[in-house]
Amino acid sequence: MDGRPARYRRLVVGTSAVGAFAARLRALREARSLTQEELSERSGLSVKAIGALERGERRRPHPHTVRALADALLLGDAERAALVAAVPSRGGPAAAAGAFAGSGLAPIFGRDEDLTRVADLLTVHGARFLTLTGPGGVGKTRLATEVAARVRDAFPGGVRLLDLAAVREPDEVLPQVAAALGVVEEPTGTVHLVERVAGHLAGRRVLLVLDNLEQVVACGPRLADLLGHAPGLTVLATSRAPLRVRAEQVVPVVPLALPGLDDGAADLTALAASPAVAMFLDRASAVGGQVPDGAAGAATLAAITRRLDGLPLAIELAAAAARVLPPDALLARLEAGTTDVGVAGPRDLPVRQRSMTAVLDGSVGLLEPEQRDLFLRAAVFSGGFSLDWLTAVEALVEPPPTVHADDVVPRVAALVDQALVLPAPSPDGVPRFRLLEPVRQYAITEAHAAGLALPAADAHAVHARQVAVDAHRRLWSAGIGPVLDRVEAERGNLRSGLLRLLELGRVPEAADLAGGLWPYFAMRGRVREGLEWLERVEGTGTPMSVARVAVGRMGLMLVVGEVGALRMLGDVAIRLSERAGDALLLVEAVLLSGLGAIFAGDLSAGERLLALAEARAEDVGTQEPREGDARLWARLQVQLGRGQALLLAGDAEVATRQLEEAVVAARALGNEFGLATSLNTLATARQVAGDDATAAALLGESLAVSFPLRLGWTLGYAVPELAGVAGRSGRPTSAAYLFGAAATLGDTTAVDPHYPPSRLGAESGLAVARTQLESDAFTAAWDAGRTATQEEVARFAAGVVADIASPGSADLSLRGRG
């Protein structure tokens, strides 16, 4: 048996094609008197996987799976070779005559839907000019040649494949096509070449595959003209950019599907369901590469393919390095920002494809200078970028009137055409784009070499600060969903901007950025992350920056229940905010100090601070509409604070009236977080007064606001409080489920629902539910809620609210989940 560490087993490469793998595996196992369970334990594969292999349900196990089985069965060289030989070939049908070098020999992964779609377009729907587009290295050529092989019977006149990578002039394309089709050139030139080619093809149905047209896209009109004269001709082209003629139908080719974020915990057999991972395993095994096993190995493979962004050529080249680099070392090189891992690619690839650098050099070489500069500056973005942010960076690097938004759009469109930049989902309707990670690493290197990287990074950081400041004020206004989603999408860019500002020693601007985002971190329940950002700028800079960081920390401390620490910071924050002269910052500092005092039970101090906040709110500027919203928001918080104080003082009825006014004010303001908070607090007042039915209805509305916006702070209060209401209302199973869901919310958001009446209401309902359910039943319901998705919890909670509002209805049990 191989004595090398199991974590880095070398894989045996299978070369032959057809055999009864299922029967041979079962015979080998039974000859050694092993059960499937025992073989599972020895090999590290699941019992389910082994059963599927022996039944023939999985006919083509990956080489690492075969090696694991061979090791576990202690096979000698002859038996091992026989087992390997029994694995059916993964190769597709032979390529058509004239196929490009290397096509059709390596397996193709993750393209079943693409193959079917393109083949159907050509043979069923009659498409005659089809262009496969996508970034360099995405597998356009491989897909085109596989399609050609599959549909060749539909083209009795033949399939011709022509690589045009070496052609640089659009006018040269048609002569190359004519030569490939066997058209004899007429020295006299009396007949137009299009007509000669059309005459040569008369009465024949021919498929012409034209590879690598991106450098000669201007040939499109002549190809369309040829198709108009030759009705039996069909063109399947590959190009990084569309040819942009009316006859053309574009089919984008995207990177391979990546493993999910949780798939790193799966075993290798399960992980190989991801086409990106399956390709890496196959190509690594083909070069005798090292592949780890176990959960740690699966996590490493998942991370490698994510770093490569599912780009097939990047996977191929990284897998080639697996023969000299263990997976952990390979991942480390990729995480260090290496475009190429330092090992040459397969020799049967064209020279231009033996490294990602060579591929991308070709793409960038097709750009105009101003397009190239924009592409290189785009590398400064982390996790994608919006069009407005890119425009802002360009304007800072090349100040107006040099740069206008209208100038940026055509350049971005050119980058999208060349598939160097890809469209990305947008949270707010503003166009958004991204660079594949191998492309971004290349661009970073080139941007530094061109002297563009640092000015772009500085401009990026300046705009990041502005994005945070704008988001801060907008989060006190109406319609906060798009603002929260935009900040969420830009978290990578905001973090990069923060680090760059700190690197430059621009602490006040860094404090504006980190401190300005505390409402986002609080509302979305990302408290730990927010505190980590604030710690980076804590204790340094101007009074304004120190105050801004202190206020941000106070806001997050209120979320997690650190009231004592919040109050200690309060005096400093108020004093420094007054010195800085920022009216809104001062109001935030005073309000948070007042709420901290109330939550700590110091009601007189709380009222004094709330009165001060109410007075100082009038100093918030009125020039901008959003500043007026901030003043209304401050008044709303004062109303809420006074209602909370009244409730703590034991006057639930007066508190109810105060909080009903707060709900009205919140509706008028239109701030969803303020409304959900007001509804939660009013629900607490009603459950203290013994009116659980009204409390449930109020909590139901709060949840209906909070779940779609993912407001972790208000959810952290509403879910356990509704659970308490369910427990006291004779619905213990529903209560246990919701308490389980609340526990998961607490773990993921760090929200601590520490307002005393709210906590007591939840605890009383929990105690009742525990007495009404057997321990096993309570645990089962709790676990169901603990593992439920937010969508499932939202539906279940809505059912509980409706159930409580229907007199005499029974406990929901677990119906409504899923």
# chains A, B, ... in the order shown; residues from 1 in each chain; ligands from 1
$ residues_around --residues "segment 799-805 of chain A" --least-positions-apart "3" --cutoff "6 Å" --atoms "only C-alpha atoms" --output "list of chain:residue names"
A:Ala696, A:Gly700, A:Phe796
$ write_last_selection --atoms "all heavy atoms" --output "mmCIF file, in the first residue's frame"
data_model
loop_
_atom_site.group_PDB
_atom_site.id
_atom_site.type_symbol
_atom_site.label_atom_id
_atom_site.label_comp_id
_atom_site.auth_asym_id
_atom_site.auth_seq_id
_atom_site.Cartn_x
_atom_site.Cartn_y
_atom_site.Cartn_z
ATOM 1 N N ALA A 696 -49.297 40.048 19.329
ATOM 2 C CA ALA A 696 -48.972 39.170 18.208
ATOM 3 C C ALA A 696 -49.184 39.884 16.872
ATOM 4 O O ALA A 696 -48.369 39.780 15.950
ATOM 5 C CB ALA A 696 -49.814 37.901 18.262
ATOM 6 N N GLY A 700 -46.381 40.676 14.210
ATOM 7 C CA GLY A 700 -46.528 40.174 12.848
ATOM 8 C C GLY A 700 -46.222 41.251 11.826
ATOM 9 O O GLY A 700 -45.542 41.002 10.819
ATOM 10 N N PHE A 796 -43.571 30.647 8.823
ATOM 11 C CA PHE A 796 -44.090 30.024 10.042
ATOM 12 C C PHE A 796 -44.607 31.088 11.009
ATOM 13 O O PHE A 796 -45.682 30.953 11.599
ATOM 14 C CB PHE A 796 -42.983 29.198 10.708
ATOM 15 C CG PHE A 796 -43.479 28.306 11.813
ATOM 16 C CD1 PHE A 796 -43.888 27.008 11.549
ATOM 17 C CD2 PHE A 796 -43.542 28.761 13.123
ATOM 18 C CE1 PHE A 796 -44.355 26.185 12.564
ATOM 19 C CE2 PHE A 796 -44.003 27.942 14.148
ATOM 20 C CZ PHE A 796 -44.407 26.651 13.864
#
$ residues_around --residues "Trp389 of chain A" --least-positions-apart "4" --cutoff "12 Å" --atoms "only C-alpha atoms" --output "MDAnalysis selection string"
chainID A and resid 377:378 380:381 384:385 393:396 405 408 430:433 456 459:467 486 490 493:494
$ write_last_selection --atoms "N, CA, C and O atoms" --output "tab-separated table (two decimals), in the first residue's frame"
chain	number	residue	atom	x	y	z
A	377	ARG	N	-7.67	50.27	-14.02
A	377	ARG	CA	-8.13	50.94	-12.80
A	377	ARG	C	-9.25	50.16	-12.13
A	377	ARG	O	-9.40	50.19	-10.91
A	378	ALA	N	-10.05	49.44	-12.94
A	378	ALA	CA	-11.16	48.67	-12.37
A	378	ALA	C	-10.67	47.56	-11.44
A	378	ALA	O	-11.44	47.04	-10.63
A	380	VAL	N	-8.97	47.87	-8.93
A	380	VAL	CA	-8.93	48.34	-7.55
A	380	VAL	C	-10.18	47.93	-6.79
A	380	VAL	O	-10.19	47.89	-5.57
A	381	PHE	N	-11.24	47.58	-7.51
A	381	PHE	CA	-12.50	47.23	-6.85
A	381	PHE	C	-12.47	45.79	-6.32
A	381	PHE	O	-11.93	44.89	-6.96
A	384	GLY	N	-16.63	43.49	-7.27
A	384	GLY	CA	-17.45	44.13	-8.28
A	384	GLY	C	-17.56	45.63	-8.05
A	384	GLY	O	-17.07	46.16	-7.05
A	385	PHE	N	-18.22	46.31	-8.98
A	385	PHE	CA	-18.34	47.76	-8.87
A	385	PHE	C	-19.58	48.22	-9.62
A	385	PHE	O	-20.03	47.60	-10.58
A	393	VAL	N	-14.54	57.36	-9.56
A	393	VAL	CA	-13.09	57.12	-9.50
A	393	VAL	C	-12.41	57.74	-10.71
A	393	VAL	O	-11.37	58.40	-10.60
A	394	GLU	N	-12.99	57.54	-11.88
A	394	GLU	CA	-12.40	58.13	-13.08
A	394	GLU	C	-12.36	59.65	-13.00
A	394	GLU	O	-11.39	60.28	-13.40
A	395	ALA	N	-13.42	60.24	-12.45
A	395	ALA	CA	-13.47	61.70	-12.34
A	395	ALA	C	-12.41	62.22	-11.36
A	395	ALA	O	-11.88	63.31	-11.54
A	396	LEU	N	-12.11	61.44	-10.33
A	396	LEU	CA	-11.08	61.85	-9.37
A	396	LEU	C	-9.68	61.67	-9.94
A	396	LEU	O	-8.78	62.46	-9.65
A	405	ALA	N	-19.61	61.03	-17.34
A	405	ALA	CA	-20.24	59.71	-17.25
A	405	ALA	C	-20.47	59.13	-18.64
A	405	ALA	O	-20.31	57.92	-18.86
A	408	VAL	N	-17.51	57.25	-19.84
A	408	VAL	CA	-17.20	55.99	-19.17
A	408	VAL	C	-18.04	54.85	-19.74
A	408	VAL	O	-17.55	53.74	-19.94
A	430	VAL	N	-28.70	50.32	-10.31
A	430	VAL	CA	-27.53	50.95	-10.91
A	430	VAL	C	-26.69	49.85	-11.55
A	430	VAL	O	-26.37	48.85	-10.89
A	431	PRO	N	-26.34	49.97	-12.84
A	431	PRO	CA	-25.59	48.89	-13.49
A	431	PRO	C	-24.34	48.51	-12.70
A	431	PRO	O	-23.61	49.37	-12.21
A	432	ARG	N	-24.10	47.21	-12.61
A	432	ARG	CA	-22.99	46.69	-11.79
A	432	ARG	C	-22.21	45.67	-12.61
A	432	ARG	O	-22.77	44.94	-13.44
A	433	PHE	N	-20.90	45.60	-12.35
A	433	PHE	CA	-20.00	44.76	-13.14
A	433	PHE	C	-18.98	44.11	-12.21
A	433	PHE	O	-18.81	44.51	-11.06
A	456	ALA	N	-5.51	55.19	-8.59
A	456	ALA	CA	-6.87	54.63	-8.61
A	456	ALA	C	-7.30	54.21	-7.20
A	456	ALA	O	-8.45	54.42	-6.80
A	459	ALA	N	-8.24	57.34	-5.21
A	459	ALA	CA	-9.54	57.86	-5.63
A	459	ALA	C	-10.67	56.94	-5.15
A	459	ALA	O	-11.73	57.41	-4.70
A	460	HIS	N	-10.44	55.66	-5.22
A	460	HIS	CA	-11.41	54.66	-4.75
A	460	HIS	C	-11.70	54.87	-3.26
A	460	HIS	O	-12.86	54.83	-2.81
A	461	ALA	N	-10.67	55.10	-2.47
A	461	ALA	CA	-10.84	55.28	-1.02
A	461	ALA	C	-11.60	56.56	-0.71
A	461	ALA	O	-12.46	56.59	0.19
A	462	VAL	N	-11.31	57.63	-1.45
A	462	VAL	CA	-12.03	58.89	-1.24
A	462	VAL	C	-13.52	58.69	-1.50
A	462	VAL	O	-14.37	59.16	-0.72
A	463	HIS	N	-13.85	57.99	-2.57
A	463	HIS	CA	-15.28	57.78	-2.86
A	463	HIS	C	-15.91	56.81	-1.87
A	463	HIS	O	-17.09	56.95	-1.55
A	464	ALA	N	-15.15	55.84	-1.38
A	464	ALA	CA	-15.69	54.92	-0.37
A	464	ALA	C	-16.15	55.69	0.86
A	464	ALA	O	-17.22	55.42	1.43
A	465	ARG	N	-15.36	56.66	1.27
A	465	ARG	CA	-15.75	57.50	2.42
A	465	ARG	C	-17.06	58.22	2.13
A	465	ARG	O	-17.96	58.29	2.97
A	466	GLN	N	-17.21	58.73	0.90
A	466	GLN	CA	-18.43	59.46	0.55
A	466	GLN	C	-19.63	58.53	0.52
A	466	GLN	O	-20.73	58.91	0.94
A	467	VAL	N	-19.45	57.32	0.02
A	467	VAL	CA	-20.55	56.35	0.00
A	467	VAL	C	-21.03	56.07	1.42
A	467	VAL	O	-22.24	56.00	1.68
A	486	ARG	N	-27.27	48.19	-1.12
A	486	ARG	CA	-26.11	48.76	-1.81
A	486	ARG	C	-24.86	48.67	-0.94
A	486	ARG	O	-23.78	48.30	-1.41
A	490	GLU	N	-21.38	46.59	-1.57
A	490	GLU	CA	-20.11	47.31	-1.64
A	490	GLU	C	-19.22	47.07	-0.42
A	490	GLU	O	-18.21	47.77	-0.25
A	493	ASN	N	-15.57	46.80	-1.24
A	493	ASN	CA	-14.99	48.07	-1.64
A	493	ASN	C	-14.85	49.03	-0.47
A	493	ASN	O	-13.86	49.76	-0.36
A	494	LEU	N	-15.84	49.04	0.41
A	494	LEU	CA	-15.77	49.93	1.57
A	494	LEU	C	-14.63	49.52	2.50
A	494	LEU	O	-13.91	50.37	3.04
$ residues_around --residues "Ala127 of chain A" --least-positions-apart "4" --cutoff "12 Å" --atoms "only C-alpha atoms" --output "PDB file with N, CA and C atoms, in the first residue's frame"
ATOM      1  N   ARG A 117     -28.309  23.188 -25.854  1.00  0.00           N
ATOM      2  CA  ARG A 117     -28.891  24.435 -26.369  1.00  0.00           C
ATOM      3  C   ARG A 117     -28.298  24.805 -27.724  1.00  0.00           C
ATOM      4  N   VAL A 118     -26.974  24.777 -27.841  1.00  0.00           N
ATOM      5  CA  VAL A 118     -26.341  25.192 -29.093  1.00  0.00           C
ATOM      6  C   VAL A 118     -26.664  24.202 -30.210  1.00  0.00           C
ATOM      7  N   ALA A 119     -26.612  22.919 -29.874  1.00  0.00           N
ATOM      8  CA  ALA A 119     -26.935  21.917 -30.892  1.00  0.00           C
ATOM      9  C   ALA A 119     -28.368  22.080 -31.386  1.00  0.00           C
ATOM     10  N   ASP A 120     -29.293  22.340 -30.472  1.00  0.00           N
ATOM     11  CA  ASP A 120     -30.691  22.542 -30.874  1.00  0.00           C
ATOM     12  C   ASP A 120     -30.857  23.796 -31.715  1.00  0.00           C
ATOM     13  N   LEU A 121     -30.146  24.853 -31.357  1.00  0.00           N
ATOM     14  CA  LEU A 121     -30.239  26.076 -32.155  1.00  0.00           C
ATOM     15  C   LEU A 121     -29.810  25.815 -33.599  1.00  0.00           C
ATOM     16  N   LEU A 122     -28.793  24.996 -33.754  1.00  0.00           N
ATOM     17  CA  LEU A 122     -28.266  24.735 -35.097  1.00  0.00           C
ATOM     18  C   LEU A 122     -29.125  23.755 -35.883  1.00  0.00           C
ATOM     19  N   THR A 123     -29.627  22.732 -35.199  1.00  0.00           N
ATOM     20  CA  THR A 123     -30.278  21.642 -35.924  1.00  0.00           C
ATOM     21  C   THR A 123     -31.804  21.666 -35.855  1.00  0.00           C
ATOM     22  N   THR A 131     -22.733  32.892 -32.527  1.00  0.00           N
ATOM     23  CA  THR A 131     -21.432  33.259 -31.976  1.00  0.00           C
ATOM     24  C   THR A 131     -21.392  32.939 -30.488  1.00  0.00           C
ATOM     25  N   LEU A 207     -21.485  23.111 -42.185  1.00  0.00           N
ATOM     26  CA  LEU A 207     -21.254  23.855 -40.944  1.00  0.00           C
ATOM     27  C   LEU A 207     -19.807  24.349 -40.943  1.00  0.00           C
ATOM     28  N   LEU A 227     -23.525  34.408 -45.924  1.00  0.00           N
ATOM     29  CA  LEU A 227     -24.656  33.573 -45.523  1.00  0.00           C
ATOM     30  C   LEU A 227     -25.890  33.898 -46.366  1.00  0.00           C
ATOM     31  N   PRO A 231     -27.396  29.708 -48.919  1.00  0.00           N
ATOM     32  CA  PRO A 231     -28.443  29.294 -47.975  1.00  0.00           C
ATOM     33  C   PRO A 231     -28.152  27.982 -47.265  1.00  0.00           C
ATOM     34  N   GLY A 232     -27.230  27.182 -47.766  1.00  0.00           N
ATOM     35  CA  GLY A 232     -26.919  25.918 -47.104  1.00  0.00           C
ATOM     36  C   GLY A 232     -25.807  26.030 -46.080  1.00  0.00           C
ATOM     37  N   LEU A 233     -25.240  27.210 -45.931  1.00  0.00           N
ATOM     38  CA  LEU A 233     -24.108  27.398 -45.021  1.00  0.00           C
ATOM     39  C   LEU A 233     -24.588  27.862 -43.650  1.00  0.00           C
ATOM     40  N   THR A 234     -24.005  27.280 -42.604  1.00  0.00           N
ATOM     41  CA  THR A 234     -24.225  27.703 -41.216  1.00  0.00           C
ATOM     42  C   THR A 234     -22.870  28.014 -40.596  1.00  0.00           C
ATOM     43  N   VAL A 235     -22.796  29.123 -39.862  1.00  0.00           N
ATOM     44  CA  VAL A 235     -21.541  29.522 -39.215  1.00  0.00           C
ATOM     45  C   VAL A 235     -21.711  29.438 -37.706  1.00  0.00           C
ATOM     46  N   LEU A 236     -20.784  28.728 -37.059  1.00  0.00           N
ATOM     47  CA  LEU A 236     -20.669  28.716 -35.602  1.00  0.00           C
ATOM     48  C   LEU A 236     -19.328  29.361 -35.278  1.00  0.00           C
ATOM     49  N   ALA A 247     -27.719  39.406 -38.437  1.00  0.00           N
ATOM     50  CA  ALA A 247     -27.929  37.978 -38.643  1.00  0.00           C
ATOM     51  C   ALA A 247     -27.401  37.138 -37.479  1.00  0.00           C
ATOM     52  N   GLU A 248     -26.593  37.747 -36.628  1.00  0.00           N
ATOM     53  CA  GLU A 248     -25.894  36.990 -35.589  1.00  0.00           C
ATOM     54  C   GLU A 248     -26.798  36.710 -34.394  1.00  0.00           C
ATOM     55  N   GLN A 249     -26.683  35.512 -33.841  1.00  0.00           N
ATOM     56  CA  GLN A 249     -27.298  35.165 -32.563  1.00  0.00           C
ATOM     57  C   GLN A 249     -26.166  34.851 -31.587  1.00  0.00           C
ATOM     58  N   VAL A 250     -26.134  35.574 -30.467  1.00  0.00           N
ATOM     59  CA  VAL A 250     -25.037  35.451 -29.502  1.00  0.00           C
ATOM     60  C   VAL A 250     -25.431  34.491 -28.384  1.00  0.00           C
ATOM     61  N   VAL A 251     -24.519  33.586 -28.050  1.00  0.00           N
ATOM     62  CA  VAL A 251     -24.704  32.665 -26.927  1.00  0.00           C
ATOM     63  C   VAL A 251     -23.540  32.876 -25.958  1.00  0.00           C
TER      64      VAL A 251
END
$ select_by_dssp --residues "segment 58-245 of chain A" --states "helix (DSSP H, G or I)" --output "PyMOL selection string"
chain A and resi 63-72+77-85+112-123+140-154+170-180+193-200+214-229
$ write_last_selection --atoms "C-alpha atoms" --output "CSV table (one decimal), in the first residue's frame"
chain,number,residue,atom,x,y,z
A,63,PRO,CA,-9.7,8.9,-10.6
A,64,HIS,CA,-9.2,10.0,-7.0
A,65,THR,CA,-12.3,7.8,-6.1
A,66,VAL,CA,-10.8,4.8,-7.9
A,67,ARG,CA,-7.5,5.3,-6.1
A,68,ALA,CA,-9.1,5.5,-2.7
A,69,LEU,CA,-11.0,2.3,-3.4
A,70,ALA,CA,-7.8,0.6,-4.7
A,71,ASP,CA,-5.9,1.7,-1.6
A,72,ALA,CA,-8.7,0.5,0.7
A,77,ASP,CA,-0.4,-3.6,-9.4
A,78,ALA,CA,-2.3,-6.0,-11.7
A,79,GLU,CA,-5.6,-5.7,-9.9
A,80,ARG,CA,-5.2,-2.0,-9.5
A,81,ALA,CA,-4.6,-1.6,-13.3
A,82,ALA,CA,-7.6,-3.8,-14.1
A,83,LEU,CA,-9.9,-1.7,-11.8
A,84,VAL,CA,-8.7,1.5,-13.5
A,85,ALA,CA,-9.2,0.0,-16.9
A,112,ASP,CA,-24.5,19.6,-20.9
A,113,GLU,CA,-27.1,22.4,-21.0
A,114,ASP,CA,-24.9,24.5,-23.3
A,115,LEU,CA,-24.2,21.6,-25.6
A,116,THR,CA,-27.9,20.8,-25.9
A,117,ARG,CA,-28.9,24.4,-26.4
A,118,VAL,CA,-26.3,25.2,-29.1
A,119,ALA,CA,-26.9,21.9,-30.9
A,120,ASP,CA,-30.7,22.5,-30.9
A,121,LEU,CA,-30.2,26.1,-32.2
A,122,LEU,CA,-28.3,24.7,-35.1
A,123,THR,CA,-30.3,21.6,-35.9
A,140,LYS,CA,-15.6,28.6,-26.2
A,141,THR,CA,-13.4,26.6,-28.5
A,142,ARG,CA,-13.9,23.4,-26.6
A,143,LEU,CA,-17.7,23.9,-26.6
A,144,ALA,CA,-17.7,24.7,-30.3
A,145,THR,CA,-15.7,21.6,-31.4
A,146,GLU,CA,-17.9,19.4,-29.2
A,147,VAL,CA,-21.0,20.8,-30.7
A,148,ALA,CA,-19.6,20.3,-34.2
A,149,ALA,CA,-18.9,16.7,-33.4
A,150,ARG,CA,-22.4,16.2,-32.1
A,151,VAL,CA,-24.3,17.8,-35.0
A,152,ARG,CA,-22.1,16.7,-37.9
A,153,ASP,CA,-24.7,14.2,-39.2
A,154,ALA,CA,-27.1,17.1,-39.7
A,170,PRO,CA,-10.8,41.5,-41.2
A,171,ASP,CA,-10.4,41.5,-45.0
A,172,GLU,CA,-8.3,38.3,-44.7
A,173,VAL,CA,-11.1,36.3,-43.1
A,174,LEU,CA,-13.1,35.6,-46.3
A,175,PRO,CA,-10.1,34.3,-48.3
A,176,GLN,CA,-9.2,32.1,-45.4
A,177,VAL,CA,-12.8,30.7,-45.3
A,178,ALA,CA,-12.7,30.2,-49.1
A,179,ALA,CA,-9.4,28.2,-48.8
A,180,ALA,CA,-10.8,26.1,-46.0
A,193,LEU,CA,-15.2,36.0,-53.8
A,194,VAL,CA,-18.6,35.8,-51.9
A,195,GLU,CA,-20.3,34.6,-55.1
A,196,ARG,CA,-17.5,32.0,-55.8
A,197,VAL,CA,-17.8,30.6,-52.3
A,198,ALA,CA,-21.6,30.5,-52.5
A,199,GLY,CA,-21.4,28.8,-55.9
A,200,HIS,CA,-19.0,26.2,-54.5
A,214,GLU,CA,-12.3,38.8,-31.5
A,215,GLN,CA,-9.4,40.5,-33.3
A,216,VAL,CA,-11.3,40.7,-36.6
A,217,VAL,CA,-14.9,41.4,-35.5
A,218,ALA,CA,-15.2,43.9,-38.4
A,219,CYS,CA,-15.5,40.8,-40.7
A,220,GLY,CA,-19.0,40.3,-39.5
A,221,PRO,CA,-20.8,42.1,-42.4
A,222,ARG,CA,-18.9,40.1,-45.0
A,223,LEU,CA,-19.8,36.8,-43.2
A,224,ALA,CA,-23.4,37.9,-43.1
A,225,ASP,CA,-23.3,38.7,-46.8
A,226,LEU,CA,-21.8,35.2,-47.5
A,227,LEU,CA,-24.7,33.6,-45.5
A,228,GLY,CA,-27.2,35.5,-47.6
A,229,HIS,CA,-25.7,34.1,-50.8
$ closest_atom_pairs --of "segment 580-616 of chain A" --to "segment 749-763 of chain A" --cutoff "12 Å" --atoms "only C-alpha atoms" --output "tab-separated table"
residue	atom	partner	partner_atom	distance
A:Leu595	CA	A:Tyr755	CA	10.1
A:Gly596	CA	A:Tyr755	CA	10.1
A:Ala597	CA	A:Tyr755	CA	11.5
A:Ile598	CA	A:Tyr755	CA	9.1
A:Phe599	CA	A:Tyr755	CA	6.0
A:Ala600	CA	A:Tyr755	CA	8.9
A:Gly601	CA	A:Pro756	CA	9.2
$ atom_distance --atom1 "atom CA of Gln290 of chain A" --atom2 "atom CA of Pro326 of chain A"
5.8 Å
$ select_by_dssp --residues "segment 185-321 of chain A" --states "strand (DSSP E)" --output "PyMOL selection string"
chain A and resi 206-211+233-239+249-252+290-291
$ residues_around --residues "Ala797 of chain A" --least-positions-apart "5" --cutoff "10 Å" --atoms "only C-alpha atoms" --output "ChimeraX atom specification"
/A:696,699-700,703-704,719,722-723,726,734-735,737-738,791-792,802-803,816-817
$ atom_distance --atom1 "atom CA of Leu161 of chain A" --atom2 "atom CA of Arg283 of chain A"
25.4 Å
$ closest_residue --among "A:Ala22, A:Leu556, A:Ala634, A:Val245" --to "Ala583 of chain A" --atoms "only C-alpha atoms"
A:Ala634
$ residues_around --residues "Gly515 of chain A" --least-positions-apart "6" --cutoff "6 Å" --atoms "only C-alpha atoms" --output "MDAnalysis selection string"
chainID A and resid 548:549 552
